[in-house]
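Structure data follow from query.txt (compact mmCIF, C-alpha atoms and all ligand atoms):
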# COMPACT_ATOMS: atom_id res chain seq x y z
CA MET A 13 3.89 -8.59 37.17
CA GLY A 14 6.86 -10.75 37.99
CA SER A 15 9.11 -11.58 35.11
CA ASP A 16 11.31 -14.64 34.85
CA THR A 17 12.55 -14.16 31.32
CA THR A 18 13.23 -11.02 29.38
CA ALA A 19 13.74 -11.25 25.66
CA SER A 20 15.25 -8.17 24.19
CA VAL A 21 17.64 -7.14 21.52
CA ASN A 22 20.27 -4.92 22.98
CA SER A 23 20.98 -1.69 21.23
CA THR A 24 24.50 -0.45 20.84
CA SER A 25 23.30 2.69 19.16
CA ILE A 26 21.42 4.07 22.11
CA ALA A 27 22.35 4.53 25.68
CA ASP A 28 21.40 1.65 27.98
CA ALA A 29 18.77 -0.91 28.84
CA SER A 30 16.24 1.74 29.79
CA SER A 31 16.40 3.04 26.23
CA GLU A 32 15.84 -0.26 24.42
CA THR A 33 13.02 0.29 21.97
CA ILE A 34 11.18 -2.98 22.68
CA ARG A 35 11.54 -5.54 25.45
CA TYR A 36 9.44 -8.61 25.94
CA ARG A 37 8.73 -10.10 29.31
CA ILE A 38 7.66 -13.67 29.76
CA ALA A 39 6.47 -14.82 33.13
CA ASP A 40 4.61 -17.75 34.58
CA ARG A 41 5.49 -20.35 31.95
CA ALA A 42 4.88 -17.86 29.15
CA GLN A 43 1.26 -17.40 30.24
CA CYS A 44 1.66 -13.89 31.47
CA ALA A 45 3.55 -11.67 29.12
CA ALA A 46 4.09 -7.97 28.56
CA VAL A 47 5.47 -5.87 25.76
CA ASP A 48 7.61 -3.21 27.36
CA LEU A 49 8.12 -0.21 25.09
CA LEU A 50 10.22 2.91 25.32
CA ASP A 51 7.53 5.60 25.14
CA GLN A 52 8.68 7.61 22.13
CA THR A 53 5.98 10.21 22.67
CA ARG A 54 7.90 11.25 25.81
CA LEU A 55 11.32 11.67 24.23
CA PRO A 56 13.54 13.59 24.58
CA GLU A 57 12.24 14.84 27.94
CA SER A 58 12.10 11.49 29.66
CA LEU A 59 12.98 7.83 29.30
CA THR A 60 9.60 6.43 30.21
CA ARG A 61 8.58 2.83 29.63
CA CYS A 62 5.08 1.89 28.54
CA VAL A 63 4.24 -1.65 29.59
CA CYS A 64 1.45 -3.27 27.56
CA GLU A 65 -0.16 -6.34 29.08
CA THR A 66 -3.28 -6.44 26.92
CA LEU A 67 -4.05 -6.33 23.23
CA PRO A 68 -5.92 -2.98 23.45
CA GLN A 69 -2.97 -1.43 25.29
CA LEU A 70 -0.57 -2.59 22.59
CA HIS A 71 -2.93 -1.50 19.79
CA ASP A 72 -3.20 1.93 21.39
CA ALA A 73 0.58 2.17 21.83
CA ILE A 74 1.09 1.57 18.10
CA ARG A 75 -1.69 3.99 17.12
CA ARG A 76 -0.35 6.75 19.41
CA LEU A 77 3.25 6.25 18.21
CA VAL A 78 4.54 5.13 21.61
CA VAL A 79 6.29 2.62 19.36
CA ARG A 80 6.73 3.76 15.77
CA GLY A 81 8.86 3.25 12.71
CA ALA A 82 7.97 0.47 10.30
CA PRO A 83 10.17 -2.39 11.61
CA ALA A 84 9.51 -1.57 15.28
CA ILE A 85 5.76 -1.60 14.72
CA GLY A 86 6.06 -5.08 13.20
CA ILE A 87 8.16 -6.40 16.07
CA ALA A 88 5.85 -4.93 18.71
CA ALA A 89 2.77 -6.36 16.99
CA ALA A 90 4.37 -9.81 16.73
CA TYR A 91 4.97 -9.82 20.48
CA GLY A 92 1.51 -8.33 20.89
CA VAL A 93 -0.12 -11.45 19.45
CA THR A 94 1.20 -13.38 22.43
CA LEU A 95 -0.80 -11.13 24.78
CA THR A 96 -3.99 -12.82 23.56
CA PRO A 97 -5.86 -14.08 26.64
CA ILE A 98 -6.10 -17.85 26.29
CA GLU A 99 -7.90 -19.87 28.99
CA SER A 100 -6.49 -23.14 30.20
CA SER A 101 -9.82 -24.72 29.23
CA ASP A 102 -9.60 -23.47 25.61
CA SER A 103 -9.46 -26.12 22.93
CA LEU A 104 -6.79 -25.80 20.26
CA GLU A 105 -9.44 -24.63 17.81
CA THR A 106 -10.74 -21.95 20.20
CA ALA A 107 -7.23 -20.75 20.97
CA ARG A 108 -6.39 -20.56 17.27
CA THR A 109 -9.51 -18.47 16.61
CA LYS A 110 -8.54 -16.09 19.42
CA TRP A 111 -5.02 -15.67 18.05
CA ILE A 112 -6.28 -15.02 14.52
CA ASP A 113 -8.76 -12.46 15.88
CA ALA A 114 -5.89 -10.79 17.73
CA ILE A 115 -3.80 -10.68 14.55
CA GLU A 116 -6.66 -9.08 12.65
CA TYR A 117 -7.24 -6.59 15.45
CA LEU A 118 -3.57 -5.53 15.63
CA ALA A 119 -3.54 -5.15 11.85
CA THR A 120 -5.98 -2.25 12.26
CA SER A 121 -3.57 -0.21 14.37
CA ARG A 122 -1.82 1.61 11.49
CA PRO A 123 -2.27 1.25 7.71
CA THR A 124 0.90 2.28 5.87
CA ALA A 125 3.93 0.38 7.20
CA VAL A 126 3.79 -2.99 5.48
CA ASN A 127 6.19 -4.45 8.05
CA LEU A 128 3.23 -4.58 10.45
CA PHE A 129 1.29 -6.90 8.13
CA TRP A 130 4.41 -8.86 7.21
CA ALA A 131 5.16 -9.60 10.87
CA LEU A 132 1.54 -10.47 11.61
CA ASP A 133 1.51 -12.81 8.59
CA ARG A 134 4.49 -14.63 10.06
CA MET A 135 2.58 -15.02 13.32
CA ARG A 136 -0.50 -16.18 11.43
CA ALA A 137 1.54 -18.84 9.65
CA ILE A 138 2.54 -20.23 13.06
CA VAL A 139 -1.05 -20.21 14.31
CA GLU A 140 -2.31 -21.96 11.19
CA SER A 141 0.50 -24.44 10.81
CA PRO A 142 -0.67 -27.93 11.77
CA GLU A 143 2.64 -28.65 13.45
CA SER A 144 3.73 -25.42 15.12
CA VAL A 145 6.41 -27.00 17.14
CA SER A 146 9.59 -24.97 16.93
CA PRO A 147 13.10 -26.08 17.90
CA GLU A 148 13.01 -23.56 20.75
CA LEU A 149 10.14 -25.56 22.15
CA GLU A 150 12.48 -28.18 23.53
CA SER A 151 14.36 -25.69 25.65
CA MET A 152 11.48 -23.73 27.09
CA GLU A 153 9.91 -24.55 30.39
CA ALA A 154 6.41 -24.48 29.01
CA THR A 155 7.13 -27.50 26.90
CA ALA A 156 7.70 -29.72 29.89
CA LYS A 157 6.38 -33.18 29.45
CA GLY A 158 2.65 -33.22 29.05
CA ALA A 159 2.30 -29.63 27.89
CA SER A 160 -0.86 -29.27 25.85
CA SER A 161 -0.92 -28.43 22.18
CA VAL A 162 -2.30 -24.99 23.06
CA GLU A 163 0.68 -24.48 25.31
CA SER A 164 3.03 -25.68 22.57
CA LEU A 165 1.52 -23.29 20.08
CA ARG A 166 1.80 -20.42 22.53
CA VAL A 167 5.49 -21.13 22.97
CA SER A 168 5.97 -21.34 19.20
CA LEU A 169 4.38 -17.91 18.86
CA VAL A 170 6.70 -16.42 21.47
CA ALA A 171 9.65 -18.01 19.70
CA GLU A 172 8.56 -16.59 16.34
CA ALA A 173 8.19 -13.08 17.77
CA ILE A 174 11.67 -13.31 19.27
CA ARG A 175 13.00 -14.49 15.89
CA ILE A 176 11.36 -11.53 14.12
CA HIS A 177 13.03 -9.23 16.64
CA GLU A 178 16.45 -10.84 16.27
CA ASP A 179 16.25 -11.06 12.48
CA ASP A 180 15.57 -7.34 12.36
CA ARG A 181 18.73 -6.64 14.28
CA ALA A 182 20.78 -8.63 11.79
CA MET A 183 19.03 -6.95 8.86
CA CYS A 184 19.73 -3.46 10.20
CA ARG A 185 23.37 -4.38 10.69
CA SER A 186 23.59 -5.63 7.16
CA ILE A 187 21.90 -2.49 5.77
CA GLY A 188 24.51 -0.50 7.67
CA ARG A 189 27.33 -2.42 6.03
CA HIS A 190 25.86 -2.21 2.53
CA GLY A 191 25.02 1.48 2.90
CA SER A 192 28.32 2.53 4.41
CA GLY A 193 30.09 2.54 1.03
CA ARG A 194 27.56 5.03 -0.28
CA LEU A 195 28.19 7.50 2.53
CA ALA A 196 31.89 6.92 3.14
CA GLU A 197 32.98 9.96 1.14
CA CYS A 198 30.33 12.28 2.62
CA ARG A 199 30.79 14.89 5.30
CA ASN A 200 27.19 16.07 5.75
CA VAL A 201 24.19 13.80 5.35
CA LEU A 202 20.56 14.82 5.69
CA THR A 203 17.80 12.56 7.01
CA HIS A 204 14.09 12.93 7.62
CA CYS A 205 11.89 11.56 10.39
CA ASN A 206 13.50 8.80 12.48
CA ALA A 207 14.76 5.65 10.83
CA GLY A 208 17.23 4.78 13.55
CA GLY A 209 17.45 2.36 16.45
CA LEU A 210 14.22 3.75 17.87
CA ALA A 211 12.34 2.75 14.72
CA THR A 212 13.74 -0.79 14.63
CA SER A 213 15.27 -3.38 16.93
CA THR A 214 18.52 -1.42 16.92
CA PHE A 215 20.84 0.50 14.52
CA GLY A 216 17.93 1.51 12.29
CA THR A 217 17.80 1.54 8.51
CA ALA A 218 18.71 5.04 7.29
CA LEU A 219 20.91 5.63 10.33
CA ALA A 220 22.53 2.18 10.20
CA PRO A 221 25.23 3.16 7.66
CA ILE A 222 25.97 6.26 9.75
CA TYR A 223 26.40 4.16 12.90
CA TYR A 224 28.43 1.61 10.97
CA LEU A 225 30.85 4.27 9.69
CA HIS A 226 31.02 5.89 13.14
CA GLU A 227 32.04 2.56 14.67
CA HIS A 228 34.68 2.19 11.98
CA GLY A 229 36.27 5.55 12.69
CA LYS A 230 34.49 7.71 10.11
CA THR A 231 32.03 10.12 11.73
CA LEU A 232 29.60 12.05 9.54
CA HIS A 233 27.67 15.13 10.49
CA VAL A 234 23.91 14.67 10.19
CA TYR A 235 21.27 17.28 9.45
CA ALA A 236 18.03 16.02 10.99
CA ASP A 237 14.86 17.53 9.54
CA GLU A 238 12.63 18.31 12.51
CA THR A 239 9.76 16.49 10.68
CA ARG A 240 6.50 18.29 11.18
CA PRO A 241 4.04 17.76 12.72
CA LEU A 242 5.22 15.21 15.30
CA LEU A 243 8.91 16.11 15.21
CA GLN A 244 10.38 12.62 15.02
CA GLY A 245 13.56 14.16 13.57
CA ALA A 246 14.02 16.78 16.26
CA ARG A 247 12.90 14.65 19.18
CA LEU A 248 14.10 11.17 18.22
CA THR A 249 16.79 11.24 15.54
CA ALA A 250 18.64 14.06 17.26
CA TRP A 251 18.33 12.30 20.60
CA GLU A 252 19.63 8.92 19.49
CA LEU A 253 22.47 10.31 17.34
CA ALA A 254 23.60 12.51 20.23
CA GLN A 255 23.49 9.49 22.56
CA ALA A 256 25.74 7.66 20.12
CA GLY A 257 28.18 10.56 19.79
CA VAL A 258 27.30 11.38 16.18
CA PRO A 259 27.22 15.14 15.56
CA VAL A 260 23.74 16.24 14.57
CA THR A 261 22.12 19.56 13.73
CA VAL A 262 18.35 19.91 13.72
CA ILE A 263 16.84 22.02 10.96
CA THR A 264 13.23 22.89 10.24
CA ASP A 265 11.91 21.00 7.22
CA SER A 266 11.82 24.21 5.19
CA MET A 267 15.58 24.77 5.60
CA ALA A 268 16.63 21.69 3.64
CA GLY A 269 16.45 23.29 0.19
CA GLY A 270 18.54 26.27 1.18
CA LEU A 271 21.23 24.04 2.66
CA MET A 272 21.32 21.96 -0.51
CA ARG A 273 21.70 25.07 -2.63
CA GLN A 274 24.61 26.22 -0.46
CA GLY A 275 26.35 22.86 -0.96
CA HIS A 276 26.01 21.75 2.65
CA VAL A 277 24.37 18.39 1.92
CA ASP A 278 26.38 15.58 0.30
CA ALA A 279 23.67 12.90 0.42
CA ILE A 280 20.18 12.27 1.73
CA ILE A 281 19.21 8.98 3.32
CA VAL A 282 15.76 8.06 4.58
CA GLY A 283 13.81 4.97 5.60
CA ALA A 284 10.58 3.64 4.11
CA ASP A 285 7.25 2.34 5.33
CA ARG A 286 6.32 0.53 2.15
CA ILE A 287 8.01 0.18 -1.24
CA ALA A 288 5.90 -0.81 -4.24
CA ALA A 289 7.04 -3.32 -6.86
CA ASN A 290 8.27 -0.50 -9.13
CA GLY A 291 10.38 1.12 -6.39
CA ASP A 292 8.05 3.97 -5.42
CA ALA A 293 8.61 4.43 -1.69
CA ALA A 294 6.25 5.70 1.00
CA ASN A 295 7.94 7.40 3.91
CA LYS A 296 7.18 10.16 6.41
CA ILE A 297 5.40 13.17 4.95
CA GLY A 298 8.01 15.59 3.67
CA THR A 299 10.24 12.93 2.11
CA TYR A 300 9.00 13.49 -1.44
CA PRO A 301 9.89 17.20 -1.57
CA LEU A 302 13.37 16.31 -0.33
CA ALA A 303 13.77 13.88 -3.24
CA VAL A 304 12.65 16.55 -5.70
CA LEU A 305 15.13 19.02 -4.22
CA ALA A 306 17.89 16.41 -4.28
CA HIS A 307 17.20 15.73 -7.95
CA TYR A 308 17.42 19.43 -8.80
CA HIS A 309 20.65 19.83 -6.86
CA ARG A 310 22.11 16.51 -8.14
CA ILE A 311 22.48 15.12 -4.63
CA PRO A 312 22.18 11.33 -4.19
CA PHE A 313 18.93 10.31 -2.55
CA TYR A 314 19.01 6.92 -0.81
CA VAL A 315 16.22 4.84 0.69
CA ALA A 316 17.33 2.24 3.26
CA ALA A 317 14.91 -0.53 4.21
CA PRO A 318 14.81 -4.27 4.82
CA THR A 319 13.29 -6.37 2.03
CA ASN A 320 10.22 -6.97 4.19
CA THR A 321 9.35 -3.31 3.48
CA PHE A 322 8.66 -4.20 -0.18
CA ASP A 323 5.05 -4.83 -1.09
CA LEU A 324 5.39 -6.59 -4.44
CA ALA A 325 1.60 -6.95 -4.66
CA LEU A 326 1.37 -3.20 -5.32
CA ALA A 327 2.40 -2.21 -8.85
CA SER A 328 3.07 1.42 -7.96
CA GLY A 329 3.22 3.81 -5.05
CA ASP A 330 -0.19 5.25 -5.97
CA LEU A 331 -1.68 2.11 -4.42
CA ILE A 332 0.02 2.48 -1.03
CA PRO A 333 -2.55 3.31 1.67
CA ILE A 334 -1.61 6.59 3.30
CA GLU A 335 -2.50 7.05 6.95
CA GLN A 336 -4.56 10.18 7.61
CA ARG A 337 -3.99 11.23 11.20
CA ASP A 338 -5.96 13.52 13.48
CA GLY A 339 -5.74 17.17 12.47
CA GLU A 340 -5.17 18.06 16.11
CA GLU A 341 -1.55 16.98 15.63
CA VAL A 342 -1.18 19.90 13.20
CA ARG A 343 -3.38 22.37 15.06
CA CYS A 344 -1.76 21.82 18.39
CA PRO A 345 1.80 20.54 17.87
CA GLY A 346 2.58 20.41 21.58
CA GLY A 347 -0.22 17.92 22.25
CA PRO A 348 -3.49 18.59 24.09
CA SER A 349 -1.77 20.79 26.68
CA GLY A 350 0.03 22.91 24.08
CA ARG A 351 -1.00 26.11 22.27
CA THR A 352 -3.38 25.94 19.31
CA MET A 353 -1.63 27.24 16.19
CA VAL A 354 -4.52 27.24 13.70
CA PRO A 355 -7.73 29.27 13.92
CA GLU A 356 -10.61 27.05 14.98
CA ASN A 357 -12.70 27.56 11.84
CA VAL A 358 -9.85 26.66 9.46
CA ASP A 359 -9.41 23.14 8.08
CA VAL A 360 -6.19 21.17 8.35
CA ILE A 361 -5.13 17.91 6.75
CA ASN A 362 -2.64 15.49 8.23
CA PRO A 363 -1.44 12.75 5.86
CA ALA A 364 1.34 10.97 7.73
CA PHE A 365 3.25 9.77 4.64
CA ASP A 366 4.00 10.70 1.06
CA VAL A 367 5.30 8.65 -1.85
CA THR A 368 8.60 9.27 -3.61
CA PRO A 369 8.63 7.96 -7.19
CA ALA A 370 11.38 5.47 -7.99
CA GLU A 371 12.85 7.76 -10.65
CA LEU A 372 13.93 10.16 -7.89
CA ILE A 373 15.66 7.45 -5.86
CA THR A 374 19.38 6.98 -6.53
CA ALA A 375 19.44 3.57 -4.87
CA ILE A 376 17.56 1.43 -2.37
CA ILE A 377 19.78 -0.18 0.26
CA THR A 378 18.55 -3.42 1.81
CA GLU A 379 20.08 -6.17 3.92
CA ARG A 380 20.84 -8.00 0.67
CA GLY A 381 22.72 -5.18 -1.03
CA VAL A 382 22.10 -2.09 -3.13
CA ILE A 383 19.50 -1.65 -5.89
CA GLU A 384 20.89 1.06 -8.13
CA SER A 385 18.27 3.17 -9.98
CA PRO A 386 15.47 0.89 -8.79
CA ASN A 387 12.85 -0.41 -11.21
CA VAL A 388 10.42 -3.29 -11.31
CA ASP A 389 12.85 -5.83 -12.82
CA LYS A 390 15.74 -5.00 -10.54
CA ILE A 391 13.47 -5.15 -7.49
CA ALA A 392 11.99 -8.51 -8.51
CA ALA A 393 15.50 -9.90 -9.05
CA HIS A 394 16.76 -8.45 -5.77
CA CYS A 395 13.89 -9.68 -3.66
CA GLY A 396 13.33 -13.01 -5.33
CA SER A 397 10.24 -14.76 -4.25
CA PRO A 398 9.07 -15.00 -1.58
CA ILE A 399 10.67 -12.22 0.45
CA ALA A 400 12.18 -13.75 3.53
CA ASN A 401 14.44 -12.52 6.26
CA GLU A 402 17.77 -13.13 4.71
CA VAL A 403 20.83 -11.48 6.05
CA GLY A 404 23.75 -10.88 3.72
C1 LIG B 501 13.14 2.43 9.86
S1 LIG B 501 11.74 3.35 10.03
C2 LIG B 501 11.22 3.88 8.42
C3 LIG B 501 9.96 4.64 8.49
O1 LIG B 501 9.04 3.93 9.23
C4 LIG B 501 10.18 6.05 9.09
O2 LIG B 501 11.00 6.78 8.25
C5 LIG B 501 8.85 6.72 9.25
O3 LIG B 501 8.34 7.34 8.35
C6 LIG B 501 8.17 6.53 10.55
O4 LIG B 501 6.93 7.17 10.64
P1 LIG B 501 6.16 7.12 12.04
O5 LIG B 501 4.86 7.79 11.74
O6 LIG B 501 7.00 7.85 13.02
O7 LIG B 501 5.97 5.66 12.38
Would it be possible to restate this file's structure as structure tokens?
Amino acid sequence: MGSDTTASVNSTSIADASSETIRYRIADRAQCAAVDLLDQTRLPESLTRCVCETLPQLHDAIRRLVVRGAPAIGIAAAYGVTLTPIESSDSLETARTKWIDAIEYLATSRPTAVNLFWALDRMRAIVESPESVSPELESMEATAKGASSVESLRVSLVAEAIRIHEDDRAMCRSIGRHGSGRLAECRNVLTHCNAGGLATSTFGTALAPIYYLHEHGKTLHVYADETRPLLQGARLTAWELAQAGVPVTVITDSMAGGLMRQGHVDAIIVGADRIAANGDAANKIGTYPLAVLAHYHRIPFYVAAPTNTFDLALASGDLIPIEQRDGEEVRCPGGPSGRTMVPENVDVINPAFDVTPAELITAIITERGVIESPNVDKIAAHCGSPIANEVG
């Protein structure tokens, strides 16, 4: 596929263009597009790109964690909507129906990260708006005189996806700035899963304050939980921190408590996939026990996330849908070609996330600032209504 325009958000936290989490290619007057993803299932062994040209390919890439991490899933899905096959003969009504079907289809790819649904809602608003003519429209080739309303809407959708991508970059940067004060006095910080540049447009959420401090001359040492069963901490967090020159030590998840007891952990910072109205936060399985341990050892426990990770419609974390993944990921951690670690006749479960109650969270750091000891009133005041991309 030839490409005449590439929309991407450059990462300064990871190595080079081949390691950008998400790139978008527009070709042929925006009619032939592709979402070009860094295949995170292949890291750290290889920097392989996974190019999705169809909706099923993109859906599969999200489901298989080729692209993963709450904000990155949302960005990829937003671009994904523009892969909807629209015929030149389609009426505006037909095209709108196809785009809405695509949005609903992509929404089935993963259930927990609310950023996916938030991004798709933004795309839906463009599809349903009677006048989806964006300012970018003027400058894009596809809006040449005489372009049809279907063509105009298509261009508006591309523009919205690019905006979602760019807004995320600014939000991560802002989270980094707001969070840096919390970590400035630390020497050793522990994180779980990957909430870095790979999980977002760039910089990440939990890793953003670490990158921010590193850029400003203060380098922390990071303990990265390996994060069973898919090892996002060992494979991804360790990889991107090392690329950025931040010292990192991988530990198995079960080592965290011992390190805390020995005084080796000054703070814990993690991301989130969905935060309920009362501040309960869903994140990668294994986060909750860390918060309990942090509480016992009186270590600050921070959650870093953009405000689009809040789901104010859910009163508490008990209502957050938790993705149950294939037990094979636990049985056979190396993938289908690896060794089976569990006897065949023994059951396994594989919930991908757990929920940390707000009372165990020292503060939530967003692009708007810091919510100390989060509760329903503070969160409502912080987020305002409605939650929009707003960069402080
Ligand atoms: C900034 S990413 C925050 C979360 O999405 C992250 O911590 C996480 O749990 C990712 O889970 P994953 O299953 O790898 O998508």
Exercise. Any idea what's packed within 8 Å of region 272-287 of chain A, counting all atoms listed in the file, ignoring anything in its chain fewer than 5 positions away? Could you give it as a count of residues only?
Worked result: 42
Worksheet item: Looking at A:Tyr224, A:Phe129, A:Phe215, A:Trp251, which one is nearest to ligand LIG 501 (chain B), with distances taken over only C-alpha atoms and all ligand atoms?
Response: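 Looking at the shortest contact to ligand LIG 501 (chain B), the residue is A:Phe215.
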Which residue of A:Gly396, A:Gly298, A:Pro386, A:Pro241 approaches Gly346 (chain A) most closely, using only C-alpha atoms |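 Of the candidates, the smallest distance to Gly346 (chain A) is held by A:Pro241.
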Can you measure CA of Arg80 (chain A) to CA of Leu210 (chain A) for me? One decimal in Å is fine.
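So the two atoms, CA of Arg80 (chain A) and CA of Leu210 (chain A), lie 7.8 Å apart.
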_Non-local contacts of Arg175 (chain A) (10 Å; all atoms listed in the file; under 6 positions in same chain excluded) as a PyMOL selection string_ = chain A and resi 87+90+169+181+401
Taken to one decimal, the CA of Met135 (chain A)-CA of Gly92 (chain A) distance is 10.2 Å
Q) Of the residues A:Ala288, A:Ala171, A:Ile297, A:Val162, which is the one nearest to ligand LIG 501 (chain B), using only C-alpha atoms and all ligand atoms? A)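 The answer is A:Ile297, which sits nearest to ligand LIG 501 (chain B).
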Q | Gap from CA of Ile263 (chain A) to CA of Gln244 (chain A) - Å, one decimal | A |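 Here the two named atoms are 12.1 Å from each other.
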Taking all atoms listed in the file into account, which of A:Leu67, A:Val93, A:Ala236, A:Ile361 comes nearest ligand LIG 501 (chain B)?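 Between A:Leu67, A:Val93, A:Ala236, A:Ile361, the residue approaching ligand LIG 501 (chain B) most closely is A:Ala236.
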What are the centre and the three edge lengths of an axis-aligned box that wraps all atoms of ligand LIG 501 (chain B) in the file, given that 3 Å is added to every side, written as AutoDock Vina command-line options and rounded to one decimal in Å?
--center_x 9.0 --center_y 5.1 --center_z 10.6 --size_x 14.3 --size_y 11.4 --size_z 10.8
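Using all atoms listed in the file, the smallest distance between any of A:Asp359, A:Glu116, A:Asp48, A:Asp366 and ligand LIG 501 (chain B) comes from A:Asp366.
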Restricting to all atoms listed in the file, whichever of A:Leu331, A:Leu165, A:Ala46, A:Leu248 is closest to Glu105 (chain A) is A:Leu165
| field | Neighbour list for Gly209 (chain A) as a ChimeraX atom specification, cut-off 12 Å, all atoms listed in the file, skip fewer than 2 positions in-chain | value | /A:21-27,31-34,50,52,79-84,180-181,184-185,188,206-207,211-223,248-253,255-256,283
### Message
Show me, as a VMD selection string, the residues that have an atom within 7 Å of Tyr91 (chain A) when counting only C-alpha atoms, minus same-chain residues fewer than 5 positions from it.
### Response
chain A and resid 47 170 173
